[in-house]
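Written below as structure tokens is the structure these notes are about.
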There are 2 protein chains.
Amino acid sequence: MNSSFPPKRATLRDVARNAGVSVATVSRVLNGSTLVTEDTRTRVTQAIELLGFVPSAAARTLNSGRSRTVGALVPTLDHSIFARYLDSLENRLSERGYALVVAVTGGQPEVEERKAMGLIDMGVDGLIVSGKTHTQGFDALVDRFHVPTLITSYYDPDARYPTVGYDNGAIAMKAIEFLKALGHRHVFVAHGPVDTNDRIVARVEAIRRHTRDMEAEFLSVSMNVAGGADAVRQMAGATVKPSALLCLSDVQALGALFELQRLEIPVPDQISLMGFDDLEWSAVSQPGITSIHLPAEAMGDAAGDAIVDWIKSGQPAQPVSLEAAIKQRASTRSVISQR
Amino acid sequence: MNSSFPPKRATLRDVARNAGVSVATVSRVLNGSTLVTEDTRTRVTQAIELLGFVPSAAARTLNSGRSRTVGALVPTLDHSIFARYLDSLENRLSERGYALVVAVTGGQPEVEERKAMGLIDMGVDGLIVSGKTHTQGFDALVDRFHVPTLITSYYDPDARYPTVGYDNGAIAMKAIEFLKALGHRHVFVAHGPVDTNDRIVARVEAIRRHTRDMEAEFLSVSMNVAGGADAVRQMAGATVKPSALLCLSDVQALGALFELQRLEIPVPDQISLMGFDDLEWSAVSQPGITSIHLPAEAMGDAAGDAIVDWIKSGQPAQPVSLEAAIKQRASTRSVISQR
DNA sequence: TCTTGCATTGTAACCGGTTACAATTGGGTA
DNA sequence: TACCCAATTGTAACCGGTTACAATGCAAGA
């Protein structure tokens, strides 16, 4: 029994035939043209309903040159800051009729280049990357294919591509000034690897510039819980102990907190602890960790709007600067002697 | 000056002209057909290099009917378990030449249906959803368009779609049996909302079945840190205190741990605490939290393979059952009196 | 009654690959 | 020399929408 299988997807021509009109008319109904009688519009609409017709995105893409798709390249998904950012980016894109294609780079520029190629291959209308470190090959790709490209997690009006994010140097300064204001004059700064992560480089450099009048030691440790614990152990082994530990990521700060608890070093009595990112955990840990809240959600929204506007208008996006706020919690205390 | 702008993307016909061959020959070179002389192949390859030609995905999609794109519908990205899963799913898909389109549903079936429609609209070759609760509209869509569709985070060979995941009932049983073996006879079970999350429902029901010979109380609290704290407060207010608290998610378990610390209730001396998911934090908190490790990475890999195989072969995927393992840590202790 | 003109609708080319089928070429054989 | 076959390469139709342009219908104006 060669039944009705396979039930091929209805095409625009099927609809036209069923409604007794031409393909152009169906297309006009689909695109809401006013040049159609109410009567024919109804007939066409009914035929569409009847046949369960859905236009082929590929065909539309082929002659509009638009795929209604945006590619986002992120170092990892398993980090709350990126997850929150992508969550709101997807939401905003979806609202505006765009789909989000995600590619994970592991923070490796070569992987980023390869995956960017893949995204361009599949026809994304725009690209959103994290940070401003990219291979020459990446730049060449963007140039060659004229893909609207945005940088996030970074604000720098002079960057090669429009940036939507925060000024990493400025927020790092904010953090160190906060500790200074509490009277801290000797801090340890734990940060992740500086070889590929430009956000960290910017933060470290800003902190270096603003710690000329105090003692600061920098510890390069891995960007995870173990890294924070590592930093604490190095600090504990130091001859002169600092009064504060600043971690450039909350993952490290929490790792540090747990290690401090293990070593029974009281926070903030013996040492103040401060982080970056404002993870959910930082607000509820014992004690809560003072942290810099990064506007991940706002960044997703802003980046989504910026890229879609750019795609639709053809006008490159303007850089967007977002503010970060200090969330003061119990892990930091003033060391200015009361009188 | 009407210079060389816009530098339109080279098409296959441009390459053909440049190499002095026909479009069919170029297409053959692109697809690695053997029916081409080494000589012409070289000429074509050079022309491709020269013009920086990249085939249009839309055109290829149009007549192959394949977009080389898979859509994943997840409740949220801001939860380590989904992030880890998507991370490895993206990796596997990428290895096999497919791109991942992500859509976030917020756990709402209606949103899932709407976004699934969007994904089908844009032409994904396959769909991967979380859990088996879906609207009728969703099922209708899948039926109508014959999209290969997979369920993850769930294992049930009798489900409407092939499942790739773990048996939520079985792992919940494993957890409760673990507590039983430690001598616990009175436990509180904190779980998230049961209205839309079928994974939780399956776990709760399994636990109900396996706690007939002991006392168990169920607390429905929100699926976040605050929910865990909530559970602890409810427990603290109970007339008869349990010897163990089982949270069906580590987010809740950590929230509970912090609240217990705040209330100065020692873990595990006064109460044993157990979680689900095995978040990074559960391994390093003070004390470490005994948890069920869910195979998120393996699930991503398996789902990626399953959907791509299905797309390529046309043969529906076979259900895949993945094992979860108990990670025993310091938050649980035996309450069997020593003798 | 015959234009003129606007409102609708239809025809066919086009987007950029893929592929069935036709055409050309060269070597080997009768 | 004539003929056959296999190896290469070319031609053109096709995938499913969009849209420029043509065509048709109908009412108002001359």
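Following the order of the structure tokens, chains are lettered A, B, ..., residues in each are numbered from 1, and ligands are numbered from 1.
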If you run DSSP on the backbone, which residues of segment 142-326 of chain B are alpha helix (DSSP H), as a ChimeraX atom specification?
-> /B:142-145,168-181,198-209,225-236,250-262,280-284,296-313
Which of segment 83-258 of chain B DSSP labels strand (DSSP E), written as an NGL selection string | :B and (99-104 or 126-130 or 149-152 or 163-165 or 186-191 or 215-220 or 244-247)
Tell me, counting only C-alpha atoms, for each residue of chain A within 7 Å of chain B, which pair of atoms is nearest and how far apart they are in Å to one decimal, in rows ordered by chain and increasing number, as CSV.
```
residue,atom,partner,partner_atom,distance
A:Val54,CA,B:Asp121,CA,6.8
A:Ala57,CA,B:Met122,CA,5.1
A:Ala58,CA,B:Ala58,CA,4.9
A:Ala59,CA,B:Leu62,CA,5.9
A:Thr61,CA,B:Ala58,CA,6.1
A:Leu62,CA,B:Ala58,CA,5.4
A:Leu77,CA,B:Ala83,CA,5.2
A:Asp78,CA,B:Ala83,CA,4.9
A:Ser80,CA,B:Asp78,CA,5.9
A:Ala83,CA,B:Asp78,CA,4.9
A:Arg84,CA,B:Asp78,CA,5.6
A:Asp87,CA,B:Leu77,CA,5.9
A:Glu90,CA,B:Ala103,CA,6.7
A:Ala99,CA,B:Val101,CA,7.0
A:Leu100,CA,B:Val101,CA,5.6
A:Val101,CA,B:Val101,CA,4.3
A:Val102,CA,B:Leu100,CA,5.9
A:Ala103,CA,B:Glu90,CA,6.7
A:Val104,CA,B:Asp87,CA,6.9
A:Asp121,CA,B:Ala57,CA,6.3
A:Met122,CA,B:Ala57,CA,5.0
A:Gly123,CA,B:Ala57,CA,6.1
A:Phe258,CA,B:Ser285,CA,6.0
A:Val284,CA,B:Phe258,CA,6.8
A:Ser285,CA,B:Phe258,CA,6.0
A:Gln286,CA,B:Phe258,CA,6.3
```
Name the residues in contact with segment 186-201 of chain B at a cut-off of 8 Å, using only C-alpha atoms (C1' of nucleotides), excluding same-chain residues fewer than 2 positions from it; report them as a ChimeraX atom specification.
-> /B:107-109,131-133,153-154,168,184,203-205,214-223,227-228,231,235,242-249,252
Selection: 8 Å around DT9 of chain C, only C-alpha atoms (C1' of nucleotides), excl. self and same-chain fewer than 3 positions, as a VMD selection string = (chain A and resid 21 to 22 25) or (chain D and resid 24)
Export N, CA and C atoms (P, O5', C5', C4', C3', O3' and C1' of nucleotides) of the chosen residues as a short mmCIF file (atom, residue, chain, number, x, y, z; two decimals), in the first residue's frame?
```
data_model
loop_
_atom_site.label_atom_id
_atom_site.label_comp_id
_atom_site.auth_asym_id
_atom_site.auth_seq_id
_atom_site.Cartn_x
_atom_site.Cartn_y
_atom_site.Cartn_z
N VAL A 21 -4.95 30.57 -6.63
CA VAL A 21 -4.30 31.85 -6.95
C VAL A 21 -2.87 31.58 -7.40
N SER A 22 -2.13 32.62 -7.63
CA SER A 22 -0.75 32.45 -8.08
C SER A 22 0.21 32.49 -6.89
N THR A 25 0.66 35.86 -5.21
CA THR A 25 -0.38 36.27 -4.28
C THR A 25 -0.16 35.64 -2.90
P DT D 24 -4.20 39.74 -20.66
"O5'" DT D 24 -5.46 39.81 -19.69
"C5'" DT D 24 -5.44 39.04 -18.47
"C4'" DT D 24 -6.21 39.77 -17.40
"C3'" DT D 24 -7.52 40.37 -17.91
"O3'" DT D 24 -8.61 39.59 -17.41
"C1'" DT D 24 -6.38 41.82 -16.37
#
```
Which chain C residues are at most 10 Å from chain A (counting only C-alpha atoms (C1' of nucleotides)), as a PDB file with N, CA and C atoms (P, O5', C5', C4', C3', O3' and C1' of nucleotides), in the first residue's frame?
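File selection_37.pdb, as written:
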```pdb
ATOM      1  P    DA C   7      -5.304  52.491  -5.914  1.00  0.00           P
ATOM      2  O5'  DA C   7      -5.992  51.066  -5.864  1.00  0.00           O
ATOM      3  C5'  DA C   7      -7.368  50.952  -6.197  1.00  0.00           C
ATOM      4  C4'  DA C   7      -7.674  49.497  -6.533  1.00  0.00           C
ATOM      5  C3'  DA C   7      -6.934  48.500  -5.635  1.00  0.00           C
ATOM      6  O3'  DA C   7      -7.843  47.471  -5.267  1.00  0.00           O
ATOM      7  C1'  DA C   7      -6.477  48.020  -7.891  1.00  0.00           C
ATOM      8  P    DT C   8      -7.543  46.502  -3.984  1.00  0.00           P
ATOM      9  O5'  DT C   8      -7.377  45.075  -4.639  1.00  0.00           O
ATOM     10  C5'  DT C   8      -6.713  44.981  -5.832  1.00  0.00           C
ATOM     11  C4'  DT C   8      -7.118  43.739  -6.580  1.00  0.00           C
ATOM     12  C3'  DT C   8      -6.456  42.470  -6.046  1.00  0.00           C
ATOM     13  O3'  DT C   8      -7.302  41.348  -6.290  1.00  0.00           O
ATOM     14  C1'  DT C   8      -5.519  43.066  -8.160  1.00  0.00           C
ATOM     15  P    DT C   9      -6.939  39.896  -5.664  1.00  0.00           P
ATOM     16  O5'  DT C   9      -6.066  39.263  -6.824  1.00  0.00           O
ATOM     17  C5'  DT C   9      -6.664  39.040  -8.090  1.00  0.00           C
ATOM     18  C4'  DT C   9      -5.633  38.612  -9.099  1.00  0.00           C
ATOM     19  C3'  DT C   9      -4.737  37.452  -8.665  1.00  0.00           C
ATOM     20  O3'  DT C   9      -4.944  36.370  -9.558  1.00  0.00           O
ATOM     21  C1'  DT C   9      -3.478  39.170  -9.732  1.00  0.00           C
ATOM     22  P    DG C  10      -4.058  35.015  -9.450  1.00  0.00           P
ATOM     23  O5'  DG C  10      -3.090  35.254 -10.697  1.00  0.00           O
ATOM     24  C5'  DG C  10      -3.675  35.578 -11.963  1.00  0.00           C
ATOM     25  C4'  DG C  10      -2.600  35.622 -13.027  1.00  0.00           C
ATOM     26  C3'  DG C  10      -1.648  34.426 -13.017  1.00  0.00           C
ATOM     27  O3'  DG C  10      -1.411  34.021 -14.369  1.00  0.00           O
ATOM     28  C1'  DG C  10      -0.400  36.435 -12.748  1.00  0.00           C
ATOM     29  P    DT C  11      -0.485  32.719 -14.654  1.00  0.00           P
ATOM     30  O5'  DT C  11       0.877  33.406 -15.118  1.00  0.00           O
ATOM     31  C5'  DT C  11       0.832  34.441 -16.086  1.00  0.00           C
ATOM     32  C4'  DT C  11       2.244  34.776 -16.548  1.00  0.00           C
ATOM     33  C3'  DT C  11       3.195  33.585 -16.651  1.00  0.00           C
ATOM     34  O3'  DT C  11       3.955  33.727 -17.833  1.00  0.00           O
ATOM     35  C1'  DT C  11       4.097  35.196 -15.158  1.00  0.00           C
ATOM     36  P    DC C  14      17.124  36.205 -15.130  1.00  0.00           P
ATOM     37  O5'  DC C  14      17.377  36.096 -13.565  1.00  0.00           O
ATOM     38  C5'  DC C  14      16.977  37.151 -12.691  1.00  0.00           C
ATOM     39  C4'  DC C  14      17.056  36.690 -11.257  1.00  0.00           C
ATOM     40  C3'  DC C  14      18.287  35.814 -10.947  1.00  0.00           C
ATOM     41  O3'  DC C  14      19.029  36.411  -9.910  1.00  0.00           O
ATOM     42  C1'  DC C  14      16.295  34.856 -10.050  1.00  0.00           C
ATOM     43  P    DC C  15      20.593  36.077  -9.798  1.00  0.00           P
ATOM     44  O5'  DC C  15      20.713  35.594  -8.296  1.00  0.00           O
ATOM     45  C5'  DC C  15      20.234  36.400  -7.226  1.00  0.00           C
ATOM     46  C4'  DC C  15      20.043  35.516  -6.025  1.00  0.00           C
ATOM     47  C3'  DC C  15      21.124  34.436  -5.920  1.00  0.00           C
ATOM     48  O3'  DC C  15      22.116  34.833  -4.993  1.00  0.00           O
ATOM     49  C1'  DC C  15      18.897  33.542  -5.563  1.00  0.00           C
ATOM     50  P    DG C  16      23.649  34.655  -5.449  1.00  0.00           P
ATOM     51  O5'  DG C  16      23.919  33.099  -5.225  1.00  0.00           O
ATOM     52  C5'  DG C  16      23.869  32.585  -3.913  1.00  0.00           C
ATOM     53  C4'  DG C  16      24.002  31.074  -3.968  1.00  0.00           C
ATOM     54  C3'  DG C  16      25.193  30.564  -4.773  1.00  0.00           C
ATOM     55  O3'  DG C  16      25.723  29.442  -4.089  1.00  0.00           O
ATOM     56  C1'  DG C  16      23.266  29.572  -5.573  1.00  0.00           C
TER      57       DG C  16
END
```
Restrict the calculation to only C-alpha atoms (C1' of nucleotides), then for each residue of chain D with any atom at most 8 Å from an atom of chain A give the closest atom pair and their distance in Å to one decimal, rows by chain and rising residue number, as a tab-separated table.
```
residue	atom	partner	partner_atom	distance
D:DG16	C1'	A:Ala59	CA	5.3
D:DG17	C1'	A:Ala59	CA	5.1
D:DT18	C1'	A:Asn63	CA	7.0
```
Output the selection as a PDB file, in the first residue's frame - all heavy atoms for each residue.
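What ended up in part.pdb:
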```pdb
ATOM      1  P    DG D  16      10.662  21.938  -2.637  1.00  0.00           P
ATOM      2  OP1  DG D  16      10.345  21.138  -1.454  1.00  0.00           O
ATOM      3  OP2  DG D  16       9.928  21.736  -3.889  1.00  0.00           O
ATOM      4  O5'  DG D  16      10.523  23.477  -2.262  1.00  0.00           O
ATOM      5  C5'  DG D  16      11.167  23.955  -1.093  1.00  0.00           C
ATOM      6  C4'  DG D  16      11.030  25.459  -1.038  1.00  0.00           C
ATOM      7  O4'  DG D  16      11.792  26.053  -2.114  1.00  0.00           O
ATOM      8  C3'  DG D  16       9.602  25.974  -1.214  1.00  0.00           C
ATOM      9  O3'  DG D  16       9.436  27.071  -0.330  1.00  0.00           O
ATOM     10  C2'  DG D  16       9.586  26.461  -2.648  1.00  0.00           C
ATOM     11  C1'  DG D  16      10.998  27.017  -2.752  1.00  0.00           C
ATOM     12  N9   DG D  16      11.501  27.184  -4.101  1.00  0.00           N
ATOM     13  C8   DG D  16      11.120  26.519  -5.231  1.00  0.00           C
ATOM     14  N7   DG D  16      11.769  26.906  -6.296  1.00  0.00           N
ATOM     15  C5   DG D  16      12.641  27.877  -5.837  1.00  0.00           C
ATOM     16  C6   DG D  16      13.596  28.659  -6.533  1.00  0.00           C
ATOM     17  O6   DG D  16      13.879  28.631  -7.733  1.00  0.00           O
ATOM     18  N1   DG D  16      14.273  29.534  -5.690  1.00  0.00           N
ATOM     19  C2   DG D  16      14.040  29.643  -4.339  1.00  0.00           C
ATOM     20  N2   DG D  16      14.776  30.540  -3.682  1.00  0.00           N
ATOM     21  N3   DG D  16      13.143  28.925  -3.673  1.00  0.00           N
ATOM     22  C4   DG D  16      12.486  28.060  -4.479  1.00  0.00           C
ATOM     23  P    DG D  17       7.988  27.503   0.145  1.00  0.00           P
ATOM     24  OP1  DG D  17       7.556  26.589   1.185  1.00  0.00           O
ATOM     25  OP2  DG D  17       7.136  27.711  -1.044  1.00  0.00           O
ATOM     26  O5'  DG D  17       8.285  28.904   0.835  1.00  0.00           O
ATOM     27  C5'  DG D  17       7.989  30.079   0.154  1.00  0.00           C
ATOM     28  C4'  DG D  17       9.234  30.911  -0.008  1.00  0.00           C
ATOM     29  O4'  DG D  17       9.939  30.338  -1.138  1.00  0.00           O
ATOM     30  C3'  DG D  17       8.938  32.366  -0.360  1.00  0.00           C
ATOM     31  O3'  DG D  17       9.413  33.222   0.642  1.00  0.00           O
ATOM     32  C2'  DG D  17       9.649  32.610  -1.677  1.00  0.00           C
ATOM     33  C1'  DG D  17      10.443  31.359  -1.960  1.00  0.00           C
ATOM     34  N9   DG D  17      10.267  30.957  -3.338  1.00  0.00           N
ATOM     35  C8   DG D  17       9.419  30.012  -3.848  1.00  0.00           C
ATOM     36  N7   DG D  17       9.539  29.843  -5.136  1.00  0.00           N
ATOM     37  C5   DG D  17      10.520  30.741  -5.506  1.00  0.00           C
ATOM     38  C6   DG D  17      11.085  31.015  -6.780  1.00  0.00           C
ATOM     39  O6   DG D  17      10.822  30.496  -7.855  1.00  0.00           O
ATOM     40  N1   DG D  17      12.053  32.004  -6.702  1.00  0.00           N
ATOM     41  C2   DG D  17      12.450  32.655  -5.551  1.00  0.00           C
ATOM     42  N2   DG D  17      13.391  33.577  -5.668  1.00  0.00           N
ATOM     43  N3   DG D  17      11.944  32.400  -4.367  1.00  0.00           N
ATOM     44  C4   DG D  17      10.987  31.440  -4.415  1.00  0.00           C
ATOM     45  P    DT D  18       8.801  34.708   0.670  1.00  0.00           P
ATOM     46  OP1  DT D  18       9.216  35.301   1.934  1.00  0.00           O
ATOM     47  OP2  DT D  18       7.381  34.633   0.312  1.00  0.00           O
ATOM     48  O5'  DT D  18       9.564  35.463  -0.508  1.00  0.00           O
ATOM     49  C5'  DT D  18      10.950  35.754  -0.360  1.00  0.00           C
ATOM     50  C4'  DT D  18      11.397  36.646  -1.512  1.00  0.00           C
ATOM     51  O4'  DT D  18      11.297  35.931  -2.765  1.00  0.00           O
ATOM     52  C3'  DT D  18      10.590  37.936  -1.687  1.00  0.00           C
ATOM     53  O3'  DT D  18      11.539  38.966  -1.904  1.00  0.00           O
ATOM     54  C2'  DT D  18       9.739  37.670  -2.908  1.00  0.00           C
ATOM     55  C1'  DT D  18      10.643  36.743  -3.720  1.00  0.00           C
ATOM     56  N1   DT D  18       9.981  35.787  -4.665  1.00  0.00           N
ATOM     57  C2   DT D  18      10.439  35.715  -5.945  1.00  0.00           C
ATOM     58  O2   DT D  18      11.331  36.422  -6.379  1.00  0.00           O
ATOM     59  N3   DT D  18       9.819  34.771  -6.737  1.00  0.00           N
ATOM     60  C4   DT D  18       8.803  33.917  -6.348  1.00  0.00           C
ATOM     61  O4   DT D  18       8.341  33.104  -7.150  1.00  0.00           O
ATOM     62  C5   DT D  18       8.361  34.056  -4.986  1.00  0.00           C
ATOM     63  C7   DT D  18       7.265  33.182  -4.486  1.00  0.00           C
ATOM     64  C6   DT D  18       8.964  34.973  -4.212  1.00  0.00           C
TER      65       DT D  18
END
```
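Minimum atom-to-atom distances from D:DA13, D:DA30, D:DC21, D:DC3 to DG28 of chain C were compared using only C-alpha atoms (C1' of nucleotides), and the lowest value belongs to D:DC3.
Shortest separation to DA12 of chain D among C:DT1, C:DA12, C:DC6, C:DT19 occurs at residue C:DT19, atoms counted being only C-alpha atoms (C1' of nucleotides).
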Quick one: everything within 8 Å of segment 176-182 of chain B, counting only C-alpha atoms (C1' of nucleotides), minus sequence neighbours fewer than 6 positions away in the same chain. Send it as a VMD selection string.
-> chain B and resid 207 210 to 211 244 333 to 336
Spatial neighbours of DC4 of chain D, 12 Å, only C-alpha atoms (C1' of nucleotides), chain gap at least 2 places, as a PyMOL selection string = (chain C and resi 27-30) or (chain D and resi 2+6)
Can you list, as a PyMOL selection string, every protein, DNA or RNA residue that comes within 10 Å of segment 27-29 of chain D when you count only C-alpha atoms (C1' of nucleotides), leaving out same-chain residues fewer than 4 positions away?
-> chain C and resi 3-6
